[in-house]
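Everything below belongs to my_file-v6.txt, which stores compact mmCIF, C-alpha atoms.
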```txt
# COMPACT_ATOMS: atom_id res chain seq x y z
CA MET A 1 50.89 -7.34 70.49
CA HIS A 2 48.06 -6.83 68.02
CA GLU A 3 46.34 -10.08 68.99
CA LEU A 4 43.58 -8.05 70.64
CA SER A 5 42.54 -6.37 67.40
CA LEU A 6 43.02 -9.62 65.52
CA SER A 7 40.72 -11.36 67.99
CA ALA A 8 38.12 -8.65 67.45
CA ALA A 9 38.47 -9.13 63.67
CA ILE A 10 38.02 -12.89 64.07
CA ALA A 11 34.91 -12.29 66.21
CA ASP A 12 33.44 -9.98 63.54
CA THR A 13 34.02 -12.58 60.83
CA VAL A 14 32.52 -15.31 63.01
CA ARG A 15 29.40 -13.24 63.72
CA ASP A 16 28.88 -12.56 60.02
CA HIS A 17 28.79 -16.28 59.35
CA ALA A 18 27.06 -17.44 62.53
CA ALA A 19 23.87 -15.49 61.77
CA ASP A 20 22.68 -15.59 65.39
CA ARG A 21 23.33 -19.30 65.85
CA GLY A 22 25.30 -20.40 68.92
CA VAL A 23 29.00 -20.91 68.19
CA THR A 24 30.92 -23.66 69.99
CA GLN A 25 34.18 -23.70 68.07
CA VAL A 26 36.12 -21.43 65.73
CA MET A 27 38.98 -22.79 63.66
CA VAL A 28 41.59 -20.36 62.38
CA ARG A 29 44.56 -21.12 60.14
CA ILE A 30 47.69 -19.10 60.80
CA GLY A 31 50.89 -19.25 58.78
CA HIS A 32 54.26 -19.47 60.48
CA LEU A 33 55.35 -16.14 59.00
CA ARG A 34 52.49 -14.18 60.55
CA GLN A 35 53.62 -12.60 63.77
CA VAL A 36 50.80 -14.07 65.79
CA VAL A 37 51.55 -15.58 69.18
CA PRO A 38 49.08 -18.46 69.76
CA ASP A 39 48.94 -18.13 73.57
CA SER A 40 48.40 -14.39 73.28
CA LEU A 41 45.68 -14.91 70.68
CA GLN A 42 43.93 -17.40 72.99
CA LEU A 43 44.09 -14.95 75.90
CA CYS A 44 42.77 -12.07 73.79
CA TRP A 45 40.04 -14.26 72.27
CA GLY A 46 38.80 -14.98 75.80
CA MET A 47 38.86 -11.25 76.57
CA VAL A 48 36.97 -10.04 73.50
CA THR A 49 34.33 -12.78 73.67
CA GLN A 50 33.71 -12.81 77.43
CA GLY A 51 30.16 -11.73 78.20
CA THR A 52 29.21 -11.67 74.51
CA ASP A 53 27.26 -14.05 72.29
CA LEU A 54 30.59 -15.78 71.57
CA ASP A 55 31.45 -16.39 75.24
CA GLY A 56 32.89 -19.87 75.59
CA ALA A 57 33.41 -20.51 71.88
CA GLU A 58 36.63 -22.46 71.66
CA LEU A 59 39.38 -21.08 69.42
CA VAL A 60 41.34 -23.78 67.61
CA ILE A 61 44.52 -22.69 65.87
CA ASP A 62 45.78 -24.61 62.85
CA HIS A 63 49.43 -23.67 62.49
CA VAL A 64 50.79 -23.81 58.94
CA PRO A 65 54.54 -24.18 58.43
CA ALA A 66 56.37 -21.84 56.07
CA VAL A 67 57.34 -23.78 52.94
CA VAL A 68 59.38 -22.59 49.99
CA SER A 69 59.49 -24.21 46.57
CA CYS A 70 62.85 -24.08 44.80
CA ALA A 71 63.05 -23.13 41.13
CA GLY A 72 66.53 -24.66 40.93
CA CYS A 73 66.28 -28.15 42.43
CA GLY A 74 62.49 -28.43 42.66
CA ALA A 75 62.43 -29.28 46.36
CA ASP A 76 59.73 -28.03 48.72
CA THR A 77 61.29 -27.36 52.11
CA ALA A 78 59.98 -25.92 55.36
CA ILE A 79 61.85 -22.92 56.71
CA ASP A 80 62.02 -21.96 60.34
CA ARG A 81 63.71 -18.61 59.99
CA PRO A 82 62.13 -15.95 57.76
CA VAL A 83 65.05 -16.18 55.32
CA LEU A 84 63.74 -17.40 51.99
CA VAL A 85 66.34 -20.02 51.08
CA CYS A 86 65.90 -23.56 49.75
CA GLY A 87 66.56 -26.04 52.54
CA ALA A 88 67.85 -28.63 50.07
CA CYS A 89 70.31 -26.73 47.84
CA GLY A 90 70.63 -23.29 49.42
CA SER A 91 69.33 -21.41 46.39
CA ARG A 92 67.53 -18.11 46.94
CA ASP A 93 65.46 -18.62 43.81
CA VAL A 94 62.43 -19.80 45.76
CA VAL A 95 58.73 -19.09 45.90
CA LEU A 96 56.83 -19.07 49.18
CA VAL A 97 54.05 -21.65 48.93
CA SER A 98 52.69 -21.46 52.48
CA GLY A 99 53.24 -19.60 55.72
CA GLU A 100 51.31 -16.37 55.25
CA GLU A 101 47.79 -17.76 55.83
CA PHE A 102 45.47 -15.99 58.21
CA LEU A 103 41.97 -17.37 57.77
CA VAL A 104 38.88 -18.22 59.68
CA VAL A 105 38.50 -21.75 58.29
CA SER A 106 35.24 -22.89 59.85
CA ILE A 107 32.85 -22.42 62.72
CA ASP A 108 30.83 -25.02 64.58
CA VAL A 109 27.30 -23.75 65.18
CA LEU A 110 24.25 -24.96 67.02
CA GLU A 111 21.00 -24.59 65.11
CA PRO A 112 18.06 -23.28 67.15
CA VAL A 113 15.50 -26.03 67.73
CA MET B 1 40.02 -31.01 72.96
CA GLY B 2 38.31 -29.73 76.11
CA ARG B 3 36.61 -26.41 76.55
CA PHE B 4 39.76 -25.01 78.06
CA HIS B 5 40.01 -21.28 78.28
CA ARG B 6 41.65 -18.53 80.18
CA HIS B 7 40.09 -15.44 81.70
CA PRO B 8 41.73 -12.00 81.85
CA ASP B 9 42.31 -12.38 85.58
CA GLY B 10 44.57 -15.32 84.82
CA THR B 11 42.26 -18.09 85.94
CA VAL B 12 41.98 -21.03 83.62
CA HIS B 13 39.42 -23.75 83.60
CA GLU B 14 37.78 -26.35 81.47
CA HIS B 15 34.12 -26.76 80.70
CA ALA B 16 33.01 -30.39 80.78
CA ASP B 17 30.10 -29.91 78.43
CA ALA B 18 28.89 -27.41 75.90
CA VAL B 19 29.70 -23.97 77.19
CA GLY B 20 27.51 -20.95 77.72
CA ASP B 21 23.76 -21.18 77.70
CA HIS B 22 22.97 -23.27 74.67
CA SER B 23 19.78 -24.76 76.08
CA GLY B 24 17.69 -23.47 73.19
CA TYR B 25 19.83 -25.15 70.54
CA ALA B 26 20.17 -28.53 68.93
CA SER B 27 22.69 -30.70 70.75
CA ALA B 28 25.13 -31.46 67.91
CA PRO B 29 26.99 -28.55 66.37
CA ALA B 30 27.22 -28.30 62.59
CA ARG B 31 30.45 -27.21 60.94
CA VAL B 32 30.15 -24.21 58.61
CA ALA B 33 32.98 -23.49 56.20
CA VAL B 34 34.08 -19.85 56.32
CA LEU B 35 37.51 -19.62 54.63
CA GLU B 36 37.67 -15.86 54.99
CA ASN B 37 40.76 -13.81 55.59
CA VAL B 38 40.71 -12.50 59.16
CA LEU B 39 41.66 -9.06 57.88
CA ALA B 40 39.10 -9.10 55.05
CA GLU B 41 37.07 -6.23 56.52
CA ASN B 42 40.20 -4.11 56.98
CA ASP B 43 41.25 -4.93 53.42
CA ARG B 44 37.82 -3.91 52.09
CA VAL B 45 38.11 -0.50 53.75
CA ALA B 46 41.72 -0.20 52.58
CA GLY B 47 40.42 -0.76 49.05
CA ALA B 48 37.89 2.02 49.54
CA ASN B 49 40.67 4.33 50.76
CA ARG B 50 42.77 3.44 47.73
CA ALA B 51 39.85 4.16 45.40
CA GLU B 52 39.38 7.54 47.06
CA PHE B 53 43.09 8.34 46.65
CA ALA B 54 42.83 7.40 42.97
CA ALA B 55 39.70 9.52 42.49
CA HIS B 56 41.57 12.53 43.86
CA GLY B 57 44.91 11.82 42.19
CA VAL B 58 46.70 11.31 45.50
CA TRP B 59 49.63 8.94 45.95
CA ALA B 60 49.76 7.48 49.46
CA LEU B 61 52.70 6.27 51.52
CA ASN B 62 52.55 4.23 54.72
CA LEU B 63 55.55 5.29 56.83
CA MET B 64 56.49 2.80 59.53
CA SER B 65 59.27 2.20 62.07
CA SER B 66 59.97 1.33 65.66
CA PRO B 67 59.51 4.16 68.19
CA GLY B 68 62.32 6.69 67.98
CA ALA B 69 63.81 5.56 64.66
CA GLY B 70 63.22 9.00 63.19
CA LYS B 71 59.95 8.94 61.21
CA THR B 72 58.88 12.40 62.31
CA ALA B 73 62.37 13.88 61.96
CA LEU B 74 62.62 12.51 58.42
CA LEU B 75 59.13 13.76 57.67
CA ARG B 76 60.08 17.27 58.80
CA ARG B 77 63.02 17.22 56.37
CA THR B 78 60.78 15.80 53.67
CA LEU B 79 58.14 18.49 54.04
CA ALA B 80 60.76 21.24 54.06
CA ALA B 81 62.20 19.89 50.79
CA LEU B 82 59.04 18.91 48.93
CA THR B 83 56.22 21.28 49.81
CA THR B 84 57.49 23.78 47.23
CA ASP B 85 56.48 21.47 44.39
CA LEU B 86 54.13 18.90 45.94
CA ARG B 87 51.01 19.41 48.01
CA ILE B 88 51.38 17.06 50.94
CA GLY B 89 48.97 15.78 53.55
CA VAL B 90 49.94 13.83 56.66
CA VAL B 91 47.91 11.46 58.78
CA GLU B 92 49.83 11.49 62.04
CA GLY B 93 49.20 8.35 64.05
CA ASP B 94 50.09 8.16 67.71
CA ILE B 95 48.71 6.29 70.66
CA ALA B 96 48.36 9.55 72.58
CA THR B 97 49.40 13.22 72.53
CA SER B 98 49.72 15.66 69.65
CA LEU B 99 53.50 16.00 70.17
CA ASP B 100 54.46 14.66 66.74
CA ALA B 101 51.68 16.52 64.94
CA ASP B 102 52.94 19.70 66.65
CA ARG B 103 56.42 19.02 65.27
CA LEU B 104 54.96 19.15 61.75
CA GLU B 105 53.30 22.55 62.22
CA GLY B 106 54.28 25.36 59.89
CA LEU B 107 55.97 23.13 57.30
CA GLY B 108 53.33 23.62 54.60
CA ALA B 109 51.49 20.33 54.92
CA SER B 110 47.90 19.59 55.92
CA VAL B 111 48.08 17.44 59.07
CA ALA B 112 45.33 15.27 60.54
CA LEU B 113 46.14 13.86 63.97
CA LEU B 114 44.89 10.38 64.71
CA ASN B 115 45.20 9.28 68.33
CA THR B 116 44.49 5.59 68.80
CA SER B 117 44.07 5.70 72.58
CA ALA B 118 40.29 5.95 72.24
CA GLY B 119 40.32 2.30 71.19
CA PHE B 120 40.73 -0.76 73.35
CA GLY B 121 43.58 0.53 75.54
CA GLY B 122 45.40 2.29 72.69
CA GLU B 123 45.94 0.55 69.40
CA CYS B 124 49.52 -0.23 68.49
CA HIS B 125 48.94 0.41 64.78
CA LEU B 126 46.71 2.28 62.36
CA ASP B 127 44.15 0.28 60.44
CA ALA B 128 42.19 1.18 57.33
CA VAL B 129 39.09 2.22 59.29
CA MET B 130 41.05 4.68 61.45
CA VAL B 131 42.76 6.20 58.42
CA ARG B 132 39.41 6.47 56.65
CA ALA B 133 38.09 8.53 59.58
CA ALA B 134 41.07 10.90 59.32
CA LEU B 135 40.74 11.38 55.55
CA GLY B 136 37.61 13.48 56.04
CA ARG B 137 39.78 16.07 57.79
CA LEU B 138 42.19 16.45 54.87
CA PRO B 139 41.66 18.37 51.61
CA LEU B 140 42.31 15.29 49.44
CA ALA B 141 41.28 17.03 46.21
CA GLY B 142 44.11 19.51 46.73
CA LEU B 143 46.86 16.98 47.57
CA ASP B 144 49.46 15.13 45.50
CA LEU B 145 51.06 13.05 48.24
CA LEU B 146 49.63 11.66 51.45
CA VAL B 147 51.97 10.32 54.12
CA VAL B 148 50.41 8.12 56.77
CA GLU B 149 52.84 8.19 59.69
CA ASN B 150 52.03 4.99 61.51
CA VAL B 151 52.31 4.28 65.23
CA GLY B 152 55.91 3.50 66.17
CA ASN B 153 56.01 -0.30 66.30
CA LEU B 154 57.90 -2.97 64.35
CA VAL B 155 55.23 -5.65 64.58
CA CYS B 156 51.61 -4.65 64.18
CA PRO B 157 51.49 -1.92 61.51
CA ALA B 158 52.87 -4.34 58.91
CA GLU B 159 49.76 -6.51 59.13
CA PHE B 160 47.27 -3.74 58.29
CA ASP B 161 46.85 -2.36 54.78
CA VAL B 162 45.54 1.21 55.09
CA GLY B 163 45.13 1.77 51.33
CA GLU B 164 48.67 2.98 50.66
CA HIS B 165 50.47 2.65 47.33
CA ALA B 166 53.83 1.91 48.92
CA ARG B 167 55.33 1.19 52.30
CA ALA B 168 58.41 2.90 53.60
CA MET B 169 60.28 1.91 56.68
CA VAL B 170 62.66 4.05 58.69
CA TYR B 171 65.26 1.94 60.42
CA ALA B 172 67.92 3.47 62.69
CA VAL B 173 71.44 2.05 62.84
CA THR B 174 71.14 2.12 66.64
CA GLU B 175 68.61 -0.73 66.44
CA GLY B 176 71.08 -3.55 65.72
CA GLU B 177 71.89 -5.65 62.66
CA GLU B 178 69.54 -8.58 63.41
CA LYS B 179 66.23 -6.72 63.28
CA PRO B 180 65.20 -7.92 59.78
CA LEU B 181 65.39 -11.51 61.05
CA LYS B 182 63.42 -10.70 64.20
CA TYR B 183 60.72 -8.58 62.56
CA PRO B 184 60.46 -10.14 59.10
CA VAL B 185 56.86 -9.16 58.42
CA MET B 186 57.68 -5.46 58.63
CA PHE B 187 60.93 -5.73 56.69
CA ARG B 188 59.34 -7.88 54.00
CA ALA B 189 56.46 -5.42 53.62
CA ALA B 190 58.72 -2.44 52.92
CA ASP B 191 59.23 -1.15 49.39
CA VAL B 192 61.93 1.19 50.63
CA VAL B 193 64.03 1.13 53.79
CA VAL B 194 65.59 4.39 54.93
CA VAL B 195 68.63 3.53 57.04
CA ASN B 196 68.60 6.52 59.35
CA LYS B 197 71.06 8.04 61.85
CA ILE B 198 73.91 7.11 59.51
CA ASP B 199 75.88 10.01 61.02
CA LEU B 200 76.23 7.95 64.21
CA LEU B 201 78.15 5.12 62.52
CA PRO B 202 81.62 6.28 63.69
CA HIS B 203 80.39 6.01 67.29
CA LEU B 204 78.77 2.57 67.05
CA ASP B 205 79.86 -1.04 66.69
CA PHE B 206 77.15 -1.40 64.09
CA ASP B 207 78.01 -3.60 61.09
CA LEU B 208 76.13 -1.98 58.19
CA ASP B 209 77.07 -4.74 55.72
CA LEU B 210 75.69 -7.39 58.06
CA PHE B 211 72.45 -5.44 58.41
CA LEU B 212 72.17 -5.08 54.63
CA ALA B 213 72.79 -8.83 54.20
CA ASN B 214 70.07 -9.62 56.76
CA LEU B 215 67.69 -7.24 55.02
CA ALA B 216 68.46 -8.78 51.62
CA ALA B 217 67.87 -12.26 53.04
CA VAL B 218 64.37 -11.27 54.14
CA ASN B 219 63.50 -8.77 51.41
CA PRO B 220 65.83 -8.75 48.40
CA ARG B 221 63.76 -6.22 46.42
CA ALA B 222 63.65 -3.34 48.92
CA THR B 223 65.23 -0.06 47.87
CA VAL B 224 67.77 1.03 50.50
CA ILE B 225 68.52 4.70 51.17
CA ARG B 226 71.17 5.70 53.71
CA ALA B 227 70.25 8.91 55.45
CA SER B 228 70.52 11.11 58.49
CA ALA B 229 67.47 13.17 59.34
CA ARG B 230 69.75 15.09 61.69
CA THR B 231 72.44 16.19 59.20
CA GLY B 232 70.27 15.96 56.08
CA GLU B 233 72.55 13.41 54.41
CA GLY B 234 70.57 11.19 52.03
CA VAL B 235 67.42 13.27 52.32
CA ASP B 236 67.72 14.34 48.66
CA GLU B 237 67.87 10.71 47.54
CA TRP B 238 64.80 9.94 49.65
CA CYS B 239 62.89 12.92 48.27
CA ASP B 240 63.87 11.96 44.71
CA TRP B 241 62.50 8.47 45.36
CA LEU B 242 59.23 10.00 46.56
CA ARG B 243 59.04 12.34 43.54
CA ARG B 244 59.41 9.36 41.20
CA GLN B 245 56.45 7.59 42.85
CA VAL B 246 53.98 10.45 42.66
CA PRO B 247 52.35 10.27 39.21
CA ALA B 248 53.79 12.74 36.73
CA GLU B 249 50.42 13.70 35.27
CA ARG B 250 49.33 15.57 38.35
CA LYS B 251 46.54 18.00 38.83
CA PRO B 252 47.57 21.57 38.00
CA LEU B 253 49.66 22.99 40.78
CA VAL B 254 47.84 25.70 42.69
CA HIS B 255 49.86 27.39 45.38
CA LYS B 256 48.00 28.14 48.56
```
Take the structure in this file and express it as C-alpha cells.
Amino acid sequence: MHELSLSAAIADTVRDHAADRGVTQVMVRIGHLRQVVPDSLQLCWGMVTQGTDLDGAELVIDHVPAVVSCAGCGADTAIDRPVLVCGACGSRDVVLVSGEEFLVVSIDVLEPV
Amino acid sequence: MGRFHRHPDGTVHEHADAVGDHSGYASAPARVAVLENVLAENDRVAGANRAEFAAHGVWALNLMSSPGAGKTALLRRTLAALTTDLRIGVVEGDIATSLDADRLEGLGASVALLNTSAGFGGECHLDAVMVRAALGRLPLAGLDLLVVENVGNLVCPAEFDVGEHARAMVYAVTEGEEKPLKYPVMFRAADVVVVNKIDLLPHLDFDLDLFLANLAAVNPRATVIRASARTGEGVDEWCDWLRRQVPAERKPLVHK
C-alpha cells in the first residue's frame, strides 16, 4: 500500500550514494515483520525509476525472517505469525533479534570511464 | 538473476545485458556498501519535528486507526473536555476534503488541514515532511498538546515516525477480533489502544476477551481504554491518560 513512497525513499537513498554514477543493482534488506509486499515493491520500484537516472536498476530483496530469542530456554526460533512467543518452549519472555530490518544494503555502480 | 522488470502497463520483460544507456561507463559494476535505513530521511525530519516540539514545550500524539473507527469523533470529545485546561493543536490528515477538519471547528483547538492528495495519487499516511509543512500553520509556542490525526489506514501510518512522543490507536469493536494479528505493525506501535464503539457490544458477536488476548500477544505493553465516542463512556479515562502525558511543568496558561 505504501510501497510507492517506500520506493521513492529507496531511490532517494540510492541517489545519495550513487553520486551520479550509473546504478545497475540495488539490494534492500526487509524484515518479515515489515508490512512490505515484495511484488508490490518491485512494481512500484519500476514506476518510480522509469524514465529517470535509475531506470533499469534491478531491485534485489533480501528477506530476513523474524527470529525471537528466549530468555527462558535460550533457543532462537523463527516466528511466522507476529505473536512473540518462543517456538521451542512457548514462553513469552522473548526478545526480537531480527525481522524489523528495512535497509538499503548496497548498490552496484558503474564508474564513468 | 536477469534484468527482469515490470512496467506500470503490466508488461514484463528481461534485459539480456546491462540496462539503460550505460555506454559511457566502465563495463563491470562495483558494489558500494550503503547500509542505510530506507526511512532515514523521514526519521531525520521526524527528529527535527520532535526538537521543535521540545523547544516549544509541546507534547505530540500520533492518532491512528482504520477509516471509520472513530478518530475524529473521539477527538471532538477530547477537545470538548480538554480545551478548558490545555491548549491543543490538531494536524488533520486526510487524502482529500476538509470534512474532518470542519468537524473540529469551534471546539477551541487550532487546526491545520493536511490533504495528501497533492502527492503521488494521494498518500495513504502522513510522513514527517508533510507534518513539518503543517507545523508552520500552527501557533506552536502557544500550545501544550498537538494531536496529529493520521490518514485512516491500518498499514502505512505505522511505518512513518512524524516526531510524536506517543502513538495512540483507535480500534472499533466492529472491526473483528483478529485485527492485531493481521496488522501487527500498527498494533505493536501503539502506546495506547482506545477500544471504541463499546456501546455496540450488545448488538455484535464480538468477543472482547479474544481481541484483548490477540492484542496482548502482539503488544503486551499497550494501555487499553474502553470507550464510546458516541455515548462518552471511557472518554474521561482517555482524557486522564492524555493529561498524564503532557508535562506538568507547562508554560503559564494564557486563555485566548
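Residues in contact range of Arg243 in chain B, defined as at most 9 Å between all atoms listed in the file, with sequence neighbours fewer than 4 positions away removed, read Leu82, Leu86, Trp238, Cys239, Pro247 and Ala248 of chain B.
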Please check which residues have atoms at most 8 Å from (51.1, -18.2, 56.7) in the file's coordinates, counting all atoms listed in the file, and write them as a list in words. Arg29, Ile30, Gly31, His32, Leu33, Arg34, Val64, Pro65, Ala66, Ser98, Gly99, Glu100, Glu101 and Phe102 of chain A
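Reported to one decimal place, the separation of CA of Phe160 in chain B from CA of Asn42 in chain B is 7.2 Å.
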Output the contact residues of chain A with respect to chain B at a cut-off of 6 Å, based on all atoms listed in the file, as an MDAnalysis selection string. chainID A and resid 2 10 56 83 102:113
Coordinates-based distance that separates CA of Met27 in chain A from CA of Ile61 in chain A (Å, one decimal): 6.0 Å
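Note that the spacing between CA of Leu208 in chain B and CA of Arg244 in chain B amounts to 26.4 Å.
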Can you find the residues with an atom no farther than 10 Å from (63.2, -32.6, 49.3), counting only C-alpha atoms, and report them as an mmCIF file with C-alpha atoms, in the coordinates of the input?
```
data_model
loop_
_atom_site.group_PDB
_atom_site.id
_atom_site.type_symbol
_atom_site.label_atom_id
_atom_site.label_comp_id
_atom_site.auth_asym_id
_atom_site.auth_seq_id
_atom_site.Cartn_x
_atom_site.Cartn_y
_atom_site.Cartn_z
ATOM 1 C CA SER A 69 59.490 -24.210 46.570
ATOM 2 C CA CYS A 70 62.850 -24.080 44.800
ATOM 3 C CA CYS A 73 66.280 -28.150 42.430
ATOM 4 C CA GLY A 74 62.490 -28.430 42.660
ATOM 5 C CA ALA A 75 62.430 -29.280 46.360
ATOM 6 C CA ASP A 76 59.730 -28.030 48.720
ATOM 7 C CA THR A 77 61.290 -27.360 52.110
ATOM 8 C CA ALA A 78 59.980 -25.920 55.360
ATOM 9 C CA CYS A 86 65.900 -23.560 49.750
ATOM 10 C CA GLY A 87 66.560 -26.040 52.540
ATOM 11 C CA ALA A 88 67.850 -28.630 50.070
ATOM 12 C CA CYS A 89 70.310 -26.730 47.840
#
```
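Of the listed residues A:Val36, A:Val67, A:Met47, A:Ala18, the one whose atoms come nearest to Asp80 in chain A is A:Val67, with distances taken using only C-alpha atoms.
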Can you pull out every residue within 9 Å of Asp144 in chain B, counting only C-alpha atoms, but drop anything in the same chain fewer than 6 positions away, and send it as a ChimeraX atom specification? /B:56-60,86-89,246-247,250-251
